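Visitor: Structure supplied as coords21.txt; contents: compact mmCIF, C-alpha atoms.
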```txt
# COMPACT_ATOMS: atom_id res chain seq x y z
CA MET A 30 17.49 -12.29 -4.30
CA ARG A 31 15.42 -14.24 -6.82
CA ASN A 32 15.48 -17.33 -4.59
CA ILE A 33 14.44 -15.29 -1.55
CA MET A 34 11.48 -13.87 -3.46
CA LEU A 35 10.47 -17.34 -4.62
CA LYS A 36 10.60 -18.52 -1.01
CA GLU A 37 8.44 -15.60 0.08
CA MET A 38 5.87 -16.19 -2.65
CA LYS A 39 5.69 -19.98 -2.54
CA LEU A 40 6.32 -20.80 1.13
CA SER A 41 5.66 -17.75 3.29
CA ALA A 42 2.81 -15.91 1.60
CA SER A 43 -0.84 -16.38 2.45
CA PRO A 44 -3.16 -16.89 -0.56
CA LEU A 45 -5.12 -13.89 0.73
CA ALA A 46 -2.19 -11.62 -0.13
CA PHE A 47 -2.63 -12.53 -3.79
CA LEU A 48 -6.44 -12.61 -3.75
CA PHE A 49 -6.70 -9.19 -2.10
CA ILE A 50 -4.77 -7.59 -4.97
CA ALA A 51 -8.14 -7.55 -6.73
CA PHE A 52 -9.34 -4.90 -4.28
CA GLY A 53 -7.36 -2.47 -6.41
CA LEU A 54 -10.37 -2.58 -8.74
CA MET A 55 -12.38 -0.78 -6.05
CA PHE A 56 -11.26 2.37 -7.88
CA PHE A 57 -14.16 1.60 -10.23
CA ILE A 58 -16.81 1.71 -7.48
CA PRO A 59 -18.91 4.91 -7.39
CA GLY A 60 -20.33 6.19 -4.12
CA TYR A 61 -17.67 4.40 -2.09
CA PRO A 62 -14.39 5.64 -0.55
CA ILE A 63 -12.11 4.12 -3.19
CA LEU A 64 -8.96 4.41 -1.05
CA CYS A 65 -10.37 1.65 1.15
CA GLY A 66 -9.09 -0.63 -1.61
CA VAL A 67 -5.57 0.21 -0.41
CA PHE A 68 -6.46 -0.92 3.09
CA PHE A 69 -7.85 -4.25 1.92
CA VAL A 70 -4.66 -4.96 -0.03
CA THR A 71 -2.62 -4.32 3.11
CA LEU A 72 -5.04 -6.51 5.09
CA GLY A 73 -4.06 -9.39 2.81
CA LEU A 74 -0.40 -8.63 3.51
CA PHE A 75 -1.11 -8.62 7.24
CA HIS A 76 -2.60 -12.11 6.95
CA SER A 77 0.52 -13.18 5.05
CA PHE A 78 2.77 -11.98 7.88
CA GLN A 79 0.50 -13.74 10.36
CA THR A 80 0.69 -17.01 8.42
CA ALA A 81 4.46 -16.74 8.18
CA ARG A 82 4.77 -16.07 11.91
CA GLU A 83 2.75 -19.14 12.83
CA ALA A 84 5.00 -21.21 10.56
CA ASN A 85 8.09 -19.78 12.31
CA ASP A 86 9.19 -18.37 8.96
CA ILE A 87 11.56 -15.73 10.34
CA VAL A 88 13.66 -18.28 12.23
CA PHE A 89 13.68 -20.56 9.18
CA SER A 90 14.80 -17.67 6.96
CA ALA A 91 17.52 -16.64 9.42
CA LEU A 92 18.92 -20.19 9.34
CA LEU A 93 19.36 -20.04 5.57
CA PRO A 94 22.87 -19.24 4.25
CA ILE A 95 21.99 -15.59 3.67
CA ALA A 96 22.68 -12.35 5.50
CA LYS A 97 20.16 -11.18 8.11
CA ASN A 98 19.52 -8.08 6.04
CA ASP A 99 18.43 -10.32 3.16
CA VAL A 100 15.61 -11.67 5.33
CA VAL A 101 14.32 -8.12 5.75
CA LYS A 102 14.90 -7.35 2.08
CA GLY A 103 12.88 -10.41 1.06
CA LYS A 104 9.88 -9.28 3.11
CA TYR A 105 10.03 -5.72 1.80
CA CYS A 106 10.40 -6.90 -1.80
CA PHE A 107 7.38 -9.20 -1.42
CA VAL A 108 5.30 -6.43 0.14
CA CYS A 109 6.27 -3.99 -2.61
CA PHE A 110 5.49 -6.63 -5.25
CA ILE A 111 1.94 -7.09 -3.94
CA GLU A 112 1.49 -3.33 -3.60
CA GLY A 113 2.83 -2.84 -7.13
CA CYS A 114 0.36 -5.37 -8.57
CA ALA A 115 -2.52 -3.60 -6.82
CA LEU A 116 -1.27 -0.22 -8.04
CA ILE A 117 -1.30 -1.51 -11.61
CA LEU A 118 -5.00 -2.33 -11.25
CA MET A 119 -5.65 1.03 -9.60
CA THR A 120 -3.80 2.82 -12.38
CA ALA A 121 -5.75 0.96 -15.06
CA ALA A 122 -9.05 1.81 -13.34
CA THR A 123 -7.98 5.44 -12.97
CA VAL A 124 -6.98 5.80 -16.62
CA ILE A 125 -10.28 4.28 -17.77
CA ARG A 126 -12.28 6.58 -15.48
CA MET A 127 -10.28 9.62 -16.62
CA THR A 128 -10.84 8.85 -20.32
CA VAL A 129 -13.61 6.48 -21.39
CA LEU A 130 -15.81 7.05 -18.31
CA SER A 131 -14.92 10.66 -17.56
CA ASP A 132 -18.45 11.89 -18.30
CA ALA A 133 -20.38 8.93 -16.90
CA PRO A 134 -23.27 10.30 -14.78
CA VAL A 135 -22.74 7.67 -12.08
CA TYR A 136 -19.29 9.16 -11.42
CA ARG A 137 -20.16 12.82 -12.04
CA THR A 138 -22.87 12.73 -9.37
CA ASN A 139 -20.62 10.97 -6.87
CA ALA A 140 -20.00 13.13 -3.79
CA LEU A 141 -16.95 11.10 -2.79
CA MET A 142 -13.43 11.17 -4.20
CA THR A 143 -13.17 10.43 -7.89
CA ALA A 144 -10.45 8.24 -9.36
CA ASN A 145 -7.80 10.62 -10.66
CA LEU A 146 -4.05 11.09 -10.34
CA PHE A 147 -4.44 12.66 -6.89
CA ALA A 148 -6.26 9.56 -5.64
CA LEU A 149 -3.51 7.41 -7.13
CA GLY A 150 -0.87 9.52 -5.38
CA MET A 151 -2.72 9.04 -2.09
CA ALA A 152 -2.73 5.27 -2.70
CA PHE A 153 1.07 5.34 -3.05
CA PHE A 154 1.34 7.40 0.14
CA ILE A 155 -0.86 5.05 2.20
CA PHE A 156 1.09 2.03 0.97
CA GLY A 157 4.22 3.84 2.13
CA LEU A 158 2.66 4.33 5.55
CA PHE A 159 1.95 0.60 5.73
CA ASN A 160 5.59 -0.17 4.97
CA LEU A 161 6.73 2.28 7.61
CA ILE A 162 4.29 1.55 10.42
CA PHE A 163 3.46 -2.13 10.05
CA VAL A 164 6.39 -3.75 8.24
CA GLY A 165 8.92 -1.57 10.03
CA GLY A 166 7.10 -2.11 13.33
CA PHE A 167 7.08 -5.86 12.84
CA PHE A 168 10.86 -6.02 12.54
CA ARG A 169 11.33 -4.33 15.91
CA THR A 170 10.54 -7.73 17.44
CA ALA A 171 10.19 -9.98 14.34
CA TYR A 172 7.14 -11.43 16.09
CA LYS A 173 4.58 -8.90 17.38
CA GLN A 174 2.13 -7.72 14.72
CA GLY A 175 -1.06 -6.60 16.45
CA ARG A 176 0.05 -3.23 17.80
CA PRO A 177 1.75 -1.93 14.62
CA PHE A 178 -1.22 -3.03 12.52
CA VAL A 179 -3.74 -1.30 14.79
CA ILE A 180 -1.65 1.89 14.66
CA TYR A 181 -1.53 1.57 10.87
CA ILE A 182 -5.33 1.12 10.67
CA ILE A 183 -5.94 4.29 12.69
CA ILE A 184 -3.53 6.39 10.63
CA ALA A 185 -4.62 4.90 7.29
CA PHE A 186 -8.29 5.63 7.86
CA LEU A 187 -7.42 9.09 9.12
CA MET A 188 -5.59 9.70 5.82
CA ILE A 189 -8.52 8.27 3.84
CA THR A 190 -10.93 10.57 5.69
CA VAL A 191 -8.72 13.61 5.05
CA ALA A 192 -8.34 12.73 1.36
CA GLU A 193 -12.10 12.29 1.00
CA ALA A 194 -12.82 15.60 2.73
CA LEU A 195 -10.22 17.83 1.07
CA HIS A 196 -12.15 18.55 -2.14
CA HIS A 197 -15.08 19.81 -0.05
CA VAL A 198 -12.87 22.54 1.43
CA PRO A 199 -13.35 25.87 -0.41
CA GLY A 200 -10.54 26.38 -2.92
CA LEU A 201 -9.52 22.73 -3.05
CA GLY A 202 -12.17 21.47 -5.44
CA GLN A 203 -9.49 20.93 -8.11
CA LEU A 204 -8.31 17.88 -6.18
CA ASN A 205 -11.45 16.09 -7.31
CA ALA A 206 -10.99 16.95 -10.98
CA PHE A 207 -12.62 14.70 -13.58
CA GLY A 208 -10.87 13.44 -16.67
CA THR A 209 -7.85 15.52 -17.66
CA GLU A 210 -9.06 18.68 -15.94
CA HIS A 211 -6.21 20.32 -13.97
CA ILE A 212 -3.92 17.56 -15.23
CA ALA A 213 -0.74 19.47 -14.31
CA LEU A 214 -1.79 19.71 -10.67
CA GLN A 215 -2.84 16.07 -10.66
CA ALA A 216 0.53 15.00 -12.12
CA VAL A 217 2.42 16.94 -9.46
CA LEU A 218 0.38 15.33 -6.68
CA LEU A 219 0.92 11.86 -8.16
CA ALA A 220 4.67 12.49 -8.36
CA ALA A 221 4.64 13.64 -4.73
CA GLY A 222 2.85 10.44 -3.69
CA ILE A 223 5.32 8.25 -5.57
CA LEU A 224 8.27 10.12 -4.07
CA ALA A 225 6.80 9.84 -0.57
CA PHE A 226 6.28 6.09 -1.06
CA ALA A 227 9.87 5.58 -2.22
CA VAL A 228 11.46 7.68 0.56
CA ILE A 229 9.29 6.29 3.35
CA THR A 230 9.81 2.68 2.24
CA LEU A 231 13.58 3.10 1.91
CA LEU A 232 13.92 4.72 5.34
CA SER A 233 11.68 2.04 6.86
CA TYR A 234 13.75 -0.73 5.25
CA ARG A 235 17.03 0.66 6.57
CA LYS A 236 15.66 1.01 10.09
CA ALA A 237 14.16 -2.49 9.92
CA CYS A 238 17.57 -3.90 8.98
CA ARG A 239 19.14 -2.24 12.01
CA ASP A 240 16.35 -3.40 14.33
CA PHE A 241 16.38 -6.98 13.04
CA ASP A 242 20.18 -7.17 13.32
CA ARG A 243 19.88 -6.45 17.06
CA ILE A 244 17.35 -9.23 17.67
CA ASP A 245 18.66 -12.47 19.14
CA LEU A 246 16.52 -15.13 17.48
```
For this file, write the structure as structure tokens.
Guide:
Amino acid sequence: MRNIMLKEMKLSASPLAFLFIAFGLMFFIPGYPILCGVFFVTLGLFHSFQTAREANDIVFSALLPIAKNDVVKGKYCFVCFIEGCALILMTAATVIRMTVLSDAPVYRTNALMTANLFALGMAFFIFGLFNLIFVGGFFRTAYKQGRPFVIYIIIAFLMITVAEALHHVPGLGQLNAFGTEHIALQAVLLAAGILAFAVITLLSYRKACRDFDRIDL
């Protein structure tokens, strides 16, 4: 598995996939929908898949002395690695905003979603949707990328819009808690996001293995 990951990172990946990890720091930006940072990270991954396709990477990988499922596993591991790196930056930004910057006026007067554990849970969930819709959709043909990515864009921005609007609904203001306010609720929502990411990604991976196994390259 280590060699497959090295191949993904050194031969298949687009530099944009690594550069766009930095968009995780968008969790620091006030007055901006911070979950858009998740989308930009996945945009870098999309470019990586596009680069690999043009280099005929899937056929090359299938010709290696590895199982077909390992080709799928390599892609999913690379995607999760990039997502994990971005989530580390998002977590760091969230912790800083919940502690050191919890009372900063620039964040307190922000009408949009604040960086808290709920926002982090939503980031996990949207990454899971990317793995399900785009990565899973790609392996239905191991070639076509446009349609699954467009579907992902529509659903991702719908989720971002819903997440941004929820705390404006009467009774749901706690979702936009600052600092450690309502920390128990925030922790539950973060755990739900992590669980959703894990379940969605695992189910997507298993289906992708079945789909890719049926493809005659």
Visitor: Can you work out the spacing between atom CA of Phe226 of chain A and atom CA of Tyr172 of chain A in Å, to one decimal?
Guide: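 Atom CA of Tyr172 of chain A lies 24.5 Å from atom CA of Phe226 of chain A.
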Visitor: So what do you get for atom CA of Ser131 of chain A versus atom CA of Gly208 of chain A, distance-wise?
Guide: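 For atom CA of Ser131 of chain A relative to atom CA of Gly208 of chain A, the distance reads 5.0 Å.
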Visitor: Set the distance at 9 Å and use all atoms listed in the file: which residues neighbour Ala227 of chain A once local chain neighbours fewer than 4 positions away are removed? I'd like the list as number ranges by chain.
Guide: A: 153, 157, 222-223, 231-232
Visitor: A:His211, A:Arg137, A:Lys104, A:Lys97: which is nearest Asp240 of chain A, counting only C-alpha atoms?
Guide: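 For Asp240 of chain A, the nearest of the given residues is A:Lys97.
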Visitor: When distances are computed from only C-alpha atoms, which of A:Ile111, A:Val179, A:Leu74, A:Ala122 shows the smallest separation from Leu45 of chain A?
Guide: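 For Leu45 of chain A, the nearest of the given residues is A:Leu74.
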Visitor: Between segment 128-163 of chain A and segment 185-192 of chain A, at 10 Å or less, what are the per-residue closest atom pairs and their distances in Å? Count all atoms listed in the file, order by chain and rising residue number, and return it as CSV.
Guide:
```
residue,atom,partner,partner_atom,distance
A:Leu141,CA,A:Ala192,CA,9.7
A:Met142,CA,A:Ala192,CA,7.7
A:Phe147,CA,A:Ala192,CA,9.1
A:Ala148,CA,A:Ala192,CA,8.0
A:Met151,CA,A:Ala192,CA,7.6
A:Ala152,CA,A:Ile189,CA,9.2
A:Phe154,CA,A:Met188,CA,9.3
A:Ile155,CA,A:Ala185,CA,6.3
A:Phe156,CA,A:Ala185,CA,9.0
A:Leu158,CA,A:Ala185,CA,7.5
A:Phe159,CA,A:Ala185,CA,8.0
```
Visitor: A:Ala225, A:Thr143, A:Lys236, A:Ile33: which is nearest Ala194 of chain A, counting only C-alpha atoms?
Guide: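 Nearest candidate to Ala194 of chain A out of A:Ala225, A:Thr143, A:Lys236, A:Ile33: A:Thr143.
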Visitor: My list of candidates is A:Ser43, A:Asn32, A:Thr71, A:Thr123. Which is closest to Leu93 of chain A when distances are computed with only C-alpha atoms?
Guide: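 Nearest candidate to Leu93 of chain A out of A:Ser43, A:Asn32, A:Thr71, A:Thr123: A:Asn32.
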Visitor: Compute the distance from (11.3, -1.5, -3.1) to each atom, counting all atoms listed in the file, keep the residues with any atom at most 9 Å away, and return them as a PyMOL selection string; use the coordinates of the file.
Guide: chain A and resi 102+105-110+227+230-231+234
Visitor: Tell me which protein, DNA and RNA residues are within 8 Å of Leu118 of chain A, counting only C-alpha atoms, leaving out same-chain ones fewer than 6 positions away, and put them as JSON, numbers by chain.
Guide: {"A": [51, 53, 54]}
Visitor: Write the residues of the preceding selection, restricted to C-alpha atoms, as a tab-separated table (two decimals), keeping the file's coordinate frame.
Guide:
```
chain	number	residue	atom	x	y	z
A	51	ALA	CA	-8.14	-7.55	-6.73
A	53	GLY	CA	-7.36	-2.47	-6.41
A	54	LEU	CA	-10.37	-2.58	-8.74
```
Visitor: Please determine, counting all atoms listed in the file, which residue among A:Phe52, A:Phe68, A:Phe207, A:Phe241 has the shortest atom-to-atom distance to Thr128 of chain A.
Guide: A:Phe207
Visitor: Mind giving me the straight-line distance from atom CA of Ile95 of chain A to atom CA of Arg176 of chain A in Å, one decimal?
Guide: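 Value for the atom CA of Ile95 of chain A-atom CA of Arg176 of chain A distance: 28.9 Å.
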Visitor: Just checking: using only C-alpha atoms, which residue out of A:Leu116, A:Ile212, A:Leu204, A:Ile244 ends up closest to Val88 of chain A?
Guide: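 Smallest separation from Val88 of chain A among the options: A:Ile244.
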Visitor: Any idea what's packed within 7 Å of Pro177 of chain A, counting all atoms listed in the file, ignoring anything in its chain fewer than 6 positions away? Could you give it as a PyMOL selection string?
Guide: chain A and resi 162-163+166-167
Visitor: Got a sec to check which residues sit within 10 Å of (6.5, -18.9, 7.9), counting all atoms listed in the file, and write them as a VMD selection string?
Guide: chain A and resid 36 to 37 40 to 43 77 to 90
Visitor: Kindly list the centre and edge lengths in Å, rounded to one decimal, for the axis-aligned box that covers all listed atoms of segment 58-72 of chain A plus 5 Å on each of its six sides, as AutoDock Vina command-line options.
Guide:
```
--center_x -11.5 --center_y -0.2 --center_z -1.2 --size_x 27.7 --size_y 22.7 --size_z 22.6
```
Visitor: Taking only C-alpha atoms, show segment 70-193 of chain A of the given structure as a PDB file, in the first residue's frame.
Guide:
```
ATOM      1  CA  VAL A  70      -9.724  21.576  -1.532  1.00  0.00           C
ATOM      2  CA  THR A  71     -11.904  19.198  -3.534  1.00  0.00           C
ATOM      3  CA  LEU A  72     -11.359  21.353  -6.631  1.00  0.00           C
ATOM      4  CA  GLY A  73      -7.647  20.617  -6.311  1.00  0.00           C
ATOM      5  CA  LEU A  74      -8.452  16.912  -6.094  1.00  0.00           C
ATOM      6  CA  PHE A  75     -10.607  17.183  -9.207  1.00  0.00           C
ATOM      7  CA  HIS A  76      -7.655  18.666 -11.098  1.00  0.00           C
ATOM      8  CA  SER A  77      -5.529  15.782  -9.837  1.00  0.00           C
ATOM      9  CA  PHE A  78      -7.977  13.232 -11.244  1.00  0.00           C
ATOM     10  CA  GLN A  79      -8.062  15.186 -14.503  1.00  0.00           C
ATOM     11  CA  THR A  80      -4.264  15.189 -14.751  1.00  0.00           C
ATOM     12  CA  ALA A  81      -4.133  11.473 -14.024  1.00  0.00           C
ATOM     13  CA  ARG A  82      -6.776  10.744 -16.666  1.00  0.00           C
ATOM     14  CA  GLU A  83      -4.881  12.616 -19.363  1.00  0.00           C
ATOM     15  CA  ALA A  84      -1.766  10.624 -18.454  1.00  0.00           C
ATOM     16  CA  ASN A  85      -3.756   7.369 -18.762  1.00  0.00           C
ATOM     17  CA  ASP A  86      -2.958   6.669 -15.116  1.00  0.00           C
ATOM     18  CA  ILE A  87      -5.777   4.183 -14.515  1.00  0.00           C
ATOM     19  CA  VAL A  88      -4.620   1.859 -17.296  1.00  0.00           C
ATOM     20  CA  PHE A  89      -1.019   2.166 -16.094  1.00  0.00           C
ATOM     21  CA  SER A  90      -2.081   1.337 -12.532  1.00  0.00           C
ATOM     22  CA  ALA A  91      -4.161  -1.637 -13.688  1.00  0.00           C
ATOM     23  CA  LEU A  92      -1.116  -3.057 -15.489  1.00  0.00           C
ATOM     24  CA  LEU A  93       0.912  -3.063 -12.283  1.00  0.00           C
ATOM     25  CA  PRO A  94       1.203  -6.387 -10.398  1.00  0.00           C
ATOM     26  CA  ILE A  95      -1.525  -5.416  -7.943  1.00  0.00           C
ATOM     27  CA  ALA A  96      -5.184  -6.279  -7.535  1.00  0.00           C
ATOM     28  CA  LYS A  97      -7.765  -4.067  -9.250  1.00  0.00           C
ATOM     29  CA  ASN A  98      -9.185  -3.162  -5.865  1.00  0.00           C
ATOM     30  CA  ASP A  99      -5.778  -1.768  -4.890  1.00  0.00           C
ATOM     31  CA  VAL A 100      -6.057   0.773  -7.712  1.00  0.00           C
ATOM     32  CA  VAL A 101      -9.290   2.034  -6.164  1.00  0.00           C
ATOM     33  CA  LYS A 102      -7.820   1.887  -2.670  1.00  0.00           C
ATOM     34  CA  GLY A 103      -4.836   3.978  -3.777  1.00  0.00           C
ATOM     35  CA  LYS A 104      -7.105   6.742  -5.108  1.00  0.00           C
ATOM     36  CA  TYR A 105      -9.280   6.774  -2.001  1.00  0.00           C
ATOM     37  CA  CYS A 106      -6.252   6.810   0.308  1.00  0.00           C
ATOM     38  CA  PHE A 107      -4.756   9.743  -1.606  1.00  0.00           C
ATOM     39  CA  VAL A 108      -8.040  11.653  -1.520  1.00  0.00           C
ATOM     40  CA  CYS A 109      -8.437  11.025   2.210  1.00  0.00           C
ATOM     41  CA  PHE A 110      -4.819  12.075   2.790  1.00  0.00           C
ATOM     42  CA  ILE A 111      -5.384  15.450   1.106  1.00  0.00           C
ATOM     43  CA  GLU A 112      -8.693  15.896   2.922  1.00  0.00           C
ATOM     44  CA  GLY A 113      -7.026  14.976   6.210  1.00  0.00           C
ATOM     45  CA  CYS A 114      -4.277  17.571   5.715  1.00  0.00           C
ATOM     46  CA  ALA A 115      -6.888  20.246   4.994  1.00  0.00           C
ATOM     47  CA  LEU A 116      -8.909  19.176   8.036  1.00  0.00           C
ATOM     48  CA  ILE A 117      -5.826  19.600  10.222  1.00  0.00           C
ATOM     49  CA  LEU A 118      -5.575  23.227   9.092  1.00  0.00           C
ATOM     50  CA  MET A 119      -9.311  23.717   9.587  1.00  0.00           C
ATOM     51  CA  THR A 120      -9.106  22.206  13.065  1.00  0.00           C
ATOM     52  CA  ALA A 121      -6.173  24.439  13.998  1.00  0.00           C
ATOM     53  CA  ALA A 122      -8.034  27.530  12.753  1.00  0.00           C
ATOM     54  CA  THR A 123     -11.176  26.457  14.611  1.00  0.00           C
ATOM     55  CA  VAL A 124      -9.352  25.880  17.902  1.00  0.00           C
ATOM     56  CA  ILE A 125      -7.640  29.281  17.648  1.00  0.00           C
ATOM     57  CA  ARG A 126     -10.944  31.018  16.882  1.00  0.00           C
ATOM     58  CA  MET A 127     -12.686  29.197  19.741  1.00  0.00           C
ATOM     59  CA  THR A 128      -9.992  30.164  22.265  1.00  0.00           C
ATOM     60  CA  VAL A 129      -7.599  33.016  21.530  1.00  0.00           C
ATOM     61  CA  LEU A 130      -9.927  34.855  19.112  1.00  0.00           C
ATOM     62  CA  SER A 131     -13.282  33.917  20.636  1.00  0.00           C
ATOM     63  CA  ASP A 132     -14.077  37.524  21.584  1.00  0.00           C
ATOM     64  CA  ALA A 133     -12.535  39.255  18.572  1.00  0.00           C
ATOM     65  CA  PRO A 134     -15.031  41.892  17.328  1.00  0.00           C
ATOM     66  CA  VAL A 135     -14.356  41.032  13.683  1.00  0.00           C
ATOM     67  CA  TYR A 136     -15.764  37.546  14.336  1.00  0.00           C
ATOM     68  CA  ARG A 137     -18.471  38.519  16.832  1.00  0.00           C
ATOM     69  CA  THR A 138     -20.065  40.903  14.323  1.00  0.00           C
ATOM     70  CA  ASN A 139     -19.895  38.364  11.508  1.00  0.00           C
ATOM     71  CA  ALA A 140     -23.378  37.412  10.276  1.00  0.00           C
ATOM     72  CA  LEU A 141     -22.096  34.247   8.608  1.00  0.00           C
ATOM     73  CA  MET A 142     -21.152  30.914  10.150  1.00  0.00           C
ATOM     74  CA  THR A 143     -18.452  31.069  12.776  1.00  0.00           C
ATOM     75  CA  ALA A 144     -15.655  28.517  13.009  1.00  0.00           C
ATOM     76  CA  ASN A 145     -16.731  26.061  15.684  1.00  0.00           C
ATOM     77  CA  LEU A 146     -17.077  22.300  16.058  1.00  0.00           C
ATOM     78  CA  PHE A 147     -20.345  22.304  14.096  1.00  0.00           C
ATOM     79  CA  ALA A 148     -18.597  23.947  11.130  1.00  0.00           C
ATOM     80  CA  LEU A 149     -15.835  21.362  11.403  1.00  0.00           C
ATOM     81  CA  GLY A 150     -18.402  18.561  11.431  1.00  0.00           C
ATOM     82  CA  MET A 151     -19.975  20.017   8.286  1.00  0.00           C
ATOM     83  CA  ALA A 152     -16.530  20.058   6.642  1.00  0.00           C
ATOM     84  CA  PHE A 153     -16.169  16.327   7.353  1.00  0.00           C
ATOM     85  CA  PHE A 154     -19.644  15.717   5.934  1.00  0.00           C
ATOM     86  CA  ILE A 155     -19.005  17.640   2.698  1.00  0.00           C
ATOM     87  CA  PHE A 156     -15.712  15.818   2.183  1.00  0.00           C
ATOM     88  CA  GLY A 157     -17.674  12.589   2.578  1.00  0.00           C
ATOM     89  CA  LEU A 158     -20.103  13.755  -0.101  1.00  0.00           C
ATOM     90  CA  PHE A 159     -17.170  14.407  -2.436  1.00  0.00           C
ATOM     91  CA  ASN A 160     -15.899  10.871  -1.886  1.00  0.00           C
ATOM     92  CA  LEU A 161     -19.342   9.454  -2.542  1.00  0.00           C
ATOM     93  CA  ILE A 162     -20.467  11.556  -5.491  1.00  0.00           C
ATOM     94  CA  PHE A 163     -17.275  12.389  -7.360  1.00  0.00           C
ATOM     95  CA  VAL A 164     -14.751   9.668  -6.506  1.00  0.00           C
ATOM     96  CA  GLY A 165     -17.411   6.964  -6.488  1.00  0.00           C
ATOM     97  CA  GLY A 166     -18.935   8.396  -9.668  1.00  0.00           C
ATOM     98  CA  PHE A 167     -15.567   8.432 -11.397  1.00  0.00           C
ATOM     99  CA  PHE A 168     -15.054   4.712 -10.866  1.00  0.00           C
ATOM    100  CA  ARG A 169     -18.319   3.878 -12.616  1.00  0.00           C
ATOM    101  CA  THR A 170     -16.431   4.458 -15.873  1.00  0.00           C
ATOM    102  CA  ALA A 171     -12.847   5.139 -14.660  1.00  0.00           C
ATOM    103  CA  TYR A 172     -12.819   7.958 -17.215  1.00  0.00           C
ATOM    104  CA  LYS A 173     -15.773  10.373 -17.086  1.00  0.00           C
ATOM    105  CA  GLN A 174     -15.393  13.121 -14.485  1.00  0.00           C
ATOM    106  CA  GLY A 175     -17.466  16.106 -15.579  1.00  0.00           C
ATOM    107  CA  ARG A 176     -20.945  14.872 -14.662  1.00  0.00           C
ATOM    108  CA  PRO A 177     -20.122  13.564 -11.158  1.00  0.00           C
ATOM    109  CA  PHE A 178     -18.197  16.742 -10.356  1.00  0.00           C
ATOM    110  CA  VAL A 179     -21.052  18.997 -11.481  1.00  0.00           C
ATOM    111  CA  ILE A 180     -23.479  16.972  -9.355  1.00  0.00           C
ATOM    112  CA  TYR A 181     -21.074  17.283  -6.423  1.00  0.00           C
ATOM    113  CA  ILE A 182     -20.812  21.078  -6.899  1.00  0.00           C
ATOM    114  CA  ILE A 183     -24.590  21.480  -6.809  1.00  0.00           C
ATOM    115  CA  ILE A 184     -25.021  19.338  -3.694  1.00  0.00           C
ATOM    116  CA  ALA A 185     -21.967  20.788  -1.918  1.00  0.00           C
ATOM    117  CA  PHE A 186     -23.102  24.381  -2.333  1.00  0.00           C
ATOM    118  CA  LEU A 187     -26.620  23.397  -1.317  1.00  0.00           C
ATOM    119  CA  MET A 188     -25.150  21.966   1.910  1.00  0.00           C
ATOM    120  CA  ILE A 189     -23.022  25.091   2.430  1.00  0.00           C
ATOM    121  CA  THR A 190     -26.100  27.291   1.978  1.00  0.00           C
ATOM    122  CA  VAL A 191     -28.114  25.197   4.441  1.00  0.00           C
ATOM    123  CA  ALA A 192     -25.287  25.236   7.001  1.00  0.00           C
ATOM    124  CA  GLU A 193     -24.937  29.011   6.677  1.00  0.00           C
TER     125      GLU A 193
END
```
